[in-house]
Amino acid sequence: MFKKDVIIIGAGASGMMCAIESGKRGRSVLVLDHADQIGKKIRISGGGRCNFTNINASSTNFISDNPHFCKSALSRFGPCDFIALLEKHGVQYEEREEGQLFCVKDSGEIIKMLEKESNDAGVTIILKCQINDLKKEEAFIISTNNGIFQSESLVIATGGLSYPRIGASGIGHKIAKQFGLKVTGMKPALVPFIFSKKDLKIFGELSGISIDGIIKCKKFEFRGSILFTHRGLSGPAILQISSYWREGDTIVIDLLPGIDIFGIFIEKQQNRSKIDMHTLLSEFLPSRLAKIWCTSNIQSKPVNQYNEKELKKIAFQIHNWEIKPDTTEDFKTAEVTLGGIDTSELSSKTMESKKVKGLYFTGEVLDVTGQLGGYNLHWAWASGFVAGQYA
Ligand SMILES: Cc1cc2nc3c(=O)[nH]c(=O)nc-3n(C[C@H](O)[C@H](O)[C@H](O)COP(=O)(O)OP(=O)(O)OC[C@H]3O[C@@H](n4cnc5c(N)ncnc54)[C@H](O)[C@@H]3O)c2cc1C
């Protein structure tokens, strides 16, 4: 049996950060992962450029049953701390919209940086390692296809359920349950919507069209690109709202944010314009969308043939187009998992289980889900960092 101070299951963002920090404290650290490479999600993140953090990261960017849980870790490991690490390794980065930071070259540079840091901290990594059994006696005992390992501390950093094709599995949630920890309900998040059958027949042919819109669901709203797909709706604004959407909810889209379309209608009427409504709307929206939207929502006719009340109603509908998605796509396409290990089970300062001494959970496996924009990776770094100070 091989003995280590700390065993970390999961060589993703949070597992590697935890390993580096724990190793720097002089702990002997072993990381086990069933994948053939470390950080596979980091590699594909941000379209290969890894949106690794967001300079505005704060607790308001996260969804959790306990919105305060993430505060402690975020206050101890902020975006500047990760930037300092990148600068130490000469990794170039750039800021894009809304404080999102990306690698200039590619996400492989971050993986190399994690490899170098973990190597310097004396961390051992075993890949292609299947976890067969896990129990706690005096110490944690982990049986794998590479042998049996024993450790004083065990960190579960196995991520969420999304993208199973690159290694995601439910093992972290299973381990939590094995030790009597609660796990919240889970669902795909940052994920495209699927139209109802009826809407798909009408709007399916808009596939490929993208607009700048505001999307609202309950009290939440996001502005950004909305993309029509062959199954429903996608694009950054849609992915954002999907995390707040629940089965049966209606979403509301402002197709022309910031444009006083009612004022434009009135102006056209005053000029006695005979322009057809869908032709007029084509001046502001892709013409296919204008046409299909008019067919399904109003009766398109020359603008001078509507009365003011009708025009007001059309303007309202354009700014408040209601759609009831059938569902979302599943974990195969979702960027993250909403929900996870109940944070009431853990210390927010250390990420250690309150029930099981020496057992830690970090990253996406927890019920802490970031919005789109670098927040999920930031949570992985921050939670891994704090666990690494104690594990
Ligand atoms: C396509 C895509 C793009 C994304 N882009 C961004 C982005 O640009 N910015 C951002 O902030 N977030 C992004 N995310 C989300 C982000 O990648 C994750 O939230 C983050 O990687 C979670 O880190 P983690 O360490 O908790 O888990 P992961 O990075 O998922 O690591 C978990 C590790 O555990 C291992 N593991 C799982 N099951 C087992 C098992 N049974 N046995 C052994 N090992 C196991 C996995 O192989 C993996 O290496 C993206 C996600 C996806 C899917």
# chains A, B, ... in the order shown; residues from 1 in each chain; ligands from 1

$ select_by_dssp --residues "stretch 190-290 of chain A" --states "strand (DSSP E or B)" --output "JSON, numbers by chain"
{"A": [193, 194, 210, 211, 212, 213, 214, 215, 216, 217, 220, 221, 222, 223, 224, 225, 226, 227, 228, 232, 233, 234, 251, 252, 253, 254, 276]}

$ select_by_dssp --residues "stretch 68-312 of chain A" --states "helix (DSSP H, G or I)" --output "VMD selection string"
chain A and resid 71 to 76 79 to 88 97 to 99 108 to 120 164 to 166 171 to 178 197 to 206 236 to 242 261 to 270 277 to 281 287 to 297 303 to 305 308 to 312

$ residues_near_ligand --ligand "ligand 1" --cutoff "7 Å" --atoms "only C-alpha atoms and all ligand atoms" --output "VMD selection string"
chain A and resid 9 to 15 32 to 35 38 to 42 44 to 47 50 to 53 129 to 131 157 to 160 162 to 163 166 to 171 334 to 336 362 to 365 372 to 378 380

$ closest_atom_pairs --of "stretch 235-344 of chain A" --to "stretch 197-208 of chain A" --cutoff "10 Å" --atoms "only C-alpha atoms" --output "Markdown table"
| residue | atom | partner | partner_atom | distance |
| --- | --- | --- | --- | --- |
| A:Pro286 | CA | A:Leu206 | CA | 9.6 |
| A:Arg288 | CA | A:Leu206 | CA | 7.0 |
| A:Leu289 | CA | A:Leu206 | CA | 6.6 |
| A:Ile292 | CA | A:Phe203 | CA | 7.3 |
| A:Trp293 | CA | A:Phe203 | CA | 8.4 |
| A:Thr295 | CA | A:Ile202 | CA | 9.2 |
| A:Ser296 | CA | A:Ile202 | CA | 7.6 |
| A:Ile323 | CA | A:Asp199 | CA | 8.4 |
| A:Lys324 | CA | A:Asp199 | CA | 8.8 |
| A:Pro325 | CA | A:Asp199 | CA | 8.5 |
| A:Asp326 | CA | A:Lys197 | CA | 7.9 |

$ write_last_selection --atoms "N, CA and C atoms" --output "PDB file, in the first residue's frame"
ATOM      1  N   PRO A 286     -32.805  40.667 -38.829  1.00  0.00           N
ATOM      2  CA  PRO A 286     -32.594  39.880 -40.048  1.00  0.00           C
ATOM      3  C   PRO A 286     -33.948  39.648 -40.738  1.00  0.00           C
ATOM      4  N   ARG A 288     -35.366  37.366 -42.526  1.00  0.00           N
ATOM      5  CA  ARG A 288     -36.080  36.086 -42.338  1.00  0.00           C
ATOM      6  C   ARG A 288     -36.780  36.066 -40.985  1.00  0.00           C
ATOM      7  N   LEU A 289     -36.075  36.573 -39.962  1.00  0.00           N
ATOM      8  CA  LEU A 289     -36.660  36.603 -38.620  1.00  0.00           C
ATOM      9  C   LEU A 289     -37.861  37.552 -38.598  1.00  0.00           C
ATOM     10  N   ILE A 292     -40.830  35.811 -40.339  1.00  0.00           N
ATOM     11  CA  ILE A 292     -41.425  34.688 -39.594  1.00  0.00           C
ATOM     12  C   ILE A 292     -42.027  35.174 -38.282  1.00  0.00           C
ATOM     13  N   TRP A 293     -41.378  36.138 -37.651  1.00  0.00           N
ATOM     14  CA  TRP A 293     -41.923  36.673 -36.394  1.00  0.00           C
ATOM     15  C   TRP A 293     -43.292  37.308 -36.659  1.00  0.00           C
ATOM     16  N   THR A 295     -45.375  36.631 -39.157  1.00  0.00           N
ATOM     17  CA  THR A 295     -46.358  35.598 -39.502  1.00  0.00           C
ATOM     18  C   THR A 295     -46.900  34.924 -38.246  1.00  0.00           C
ATOM     19  N   SER A 296     -46.021  34.686 -37.276  1.00  0.00           N
ATOM     20  CA  SER A 296     -46.475  33.916 -36.122  1.00  0.00           C
ATOM     21  C   SER A 296     -47.069  34.788 -35.007  1.00  0.00           C
ATOM     22  N   ILE A 323     -41.477  33.081 -25.209  1.00  0.00           N
ATOM     23  CA  ILE A 323     -41.266  31.722 -25.721  1.00  0.00           C
ATOM     24  C   ILE A 323     -41.239  30.777 -24.534  1.00  0.00           C
ATOM     25  N   LYS A 324     -41.889  29.632 -24.709  1.00  0.00           N
ATOM     26  CA  LYS A 324     -41.838  28.627 -23.653  1.00  0.00           C
ATOM     27  C   LYS A 324     -41.008  27.446 -24.179  1.00  0.00           C
ATOM     28  N   PRO A 325     -39.722  27.394 -23.830  1.00  0.00           N
ATOM     29  CA  PRO A 325     -38.915  26.273 -24.346  1.00  0.00           C
ATOM     30  C   PRO A 325     -39.451  24.947 -23.809  1.00  0.00           C
ATOM     31  N   ASP A 326     -39.278  23.924 -24.597  1.00  0.00           N
ATOM     32  CA  ASP A 326     -39.715  22.599 -24.159  1.00  0.00           C
ATOM     33  C   ASP A 326     -38.817  22.137 -23.018  1.00  0.00           C
TER      34      ASP A 326
END

$ closest_residue --among "A:Asn271, A:Ser353, A:Asn54, A:Ser64" --to "A:Gly185" --atoms "only C-alpha atoms"
A:Ser64

$ closest_residue --among "A:Val183, A:Leu114, A:Ala73, A:Leu161" --to "A:Ile341" --atoms "only C-alpha atoms"
A:Val183

$ atom_distance --atom1 "atom CA of A:Gln37" --atom2 "atom CA of A:Glu115"
10.7 Å

$ closest_residue --among "A:Lys332, A:Ile156, A:Gly235, A:Lys309" --to "A:Glu352" --atoms "only C-alpha atoms"
A:Ile156

$ residues_around --residues "A:Ile253" --least-positions-apart "5" --cutoff "8 Å" --atoms "only C-alpha atoms" --output "list in words"
Gly213, Ile214, Ile215, Lys216, Ile318, His319, Asn320, Trp321, Glu322 and Ile323 of chain A

$ closest_residue --among "A:Gln371, A:Thr327, A:Gln100, A:Asn132" --to "A:Asn56" --atoms "only C-alpha atoms"
A:Gln100

$ closest_residue --among "A:Phe195, A:Phe62, A:Phe262, A:Phe361" --to "A:Thr328" --atoms "only C-alpha atoms"
A:Phe195

$ closest_residue --among "A:Ser243, A:Thr124, A:Asn304, A:Gln299" --to "A:Lys274" --atoms "only C-alpha atoms"
A:Asn304

$ residues_around --residues "A:Gly23" --least-positions-apart "2" --cutoff "10 Å" --atoms "only C-alpha atoms" --output "VMD selection string"
chain A and resid 5 to 6 17 to 21 25 to 30 117 to 124 388 to 389 391

$ atom_distance --atom1 "atom CA of A:His68" --atom2 "atom CA of A:Tyr244"
17.7 Å
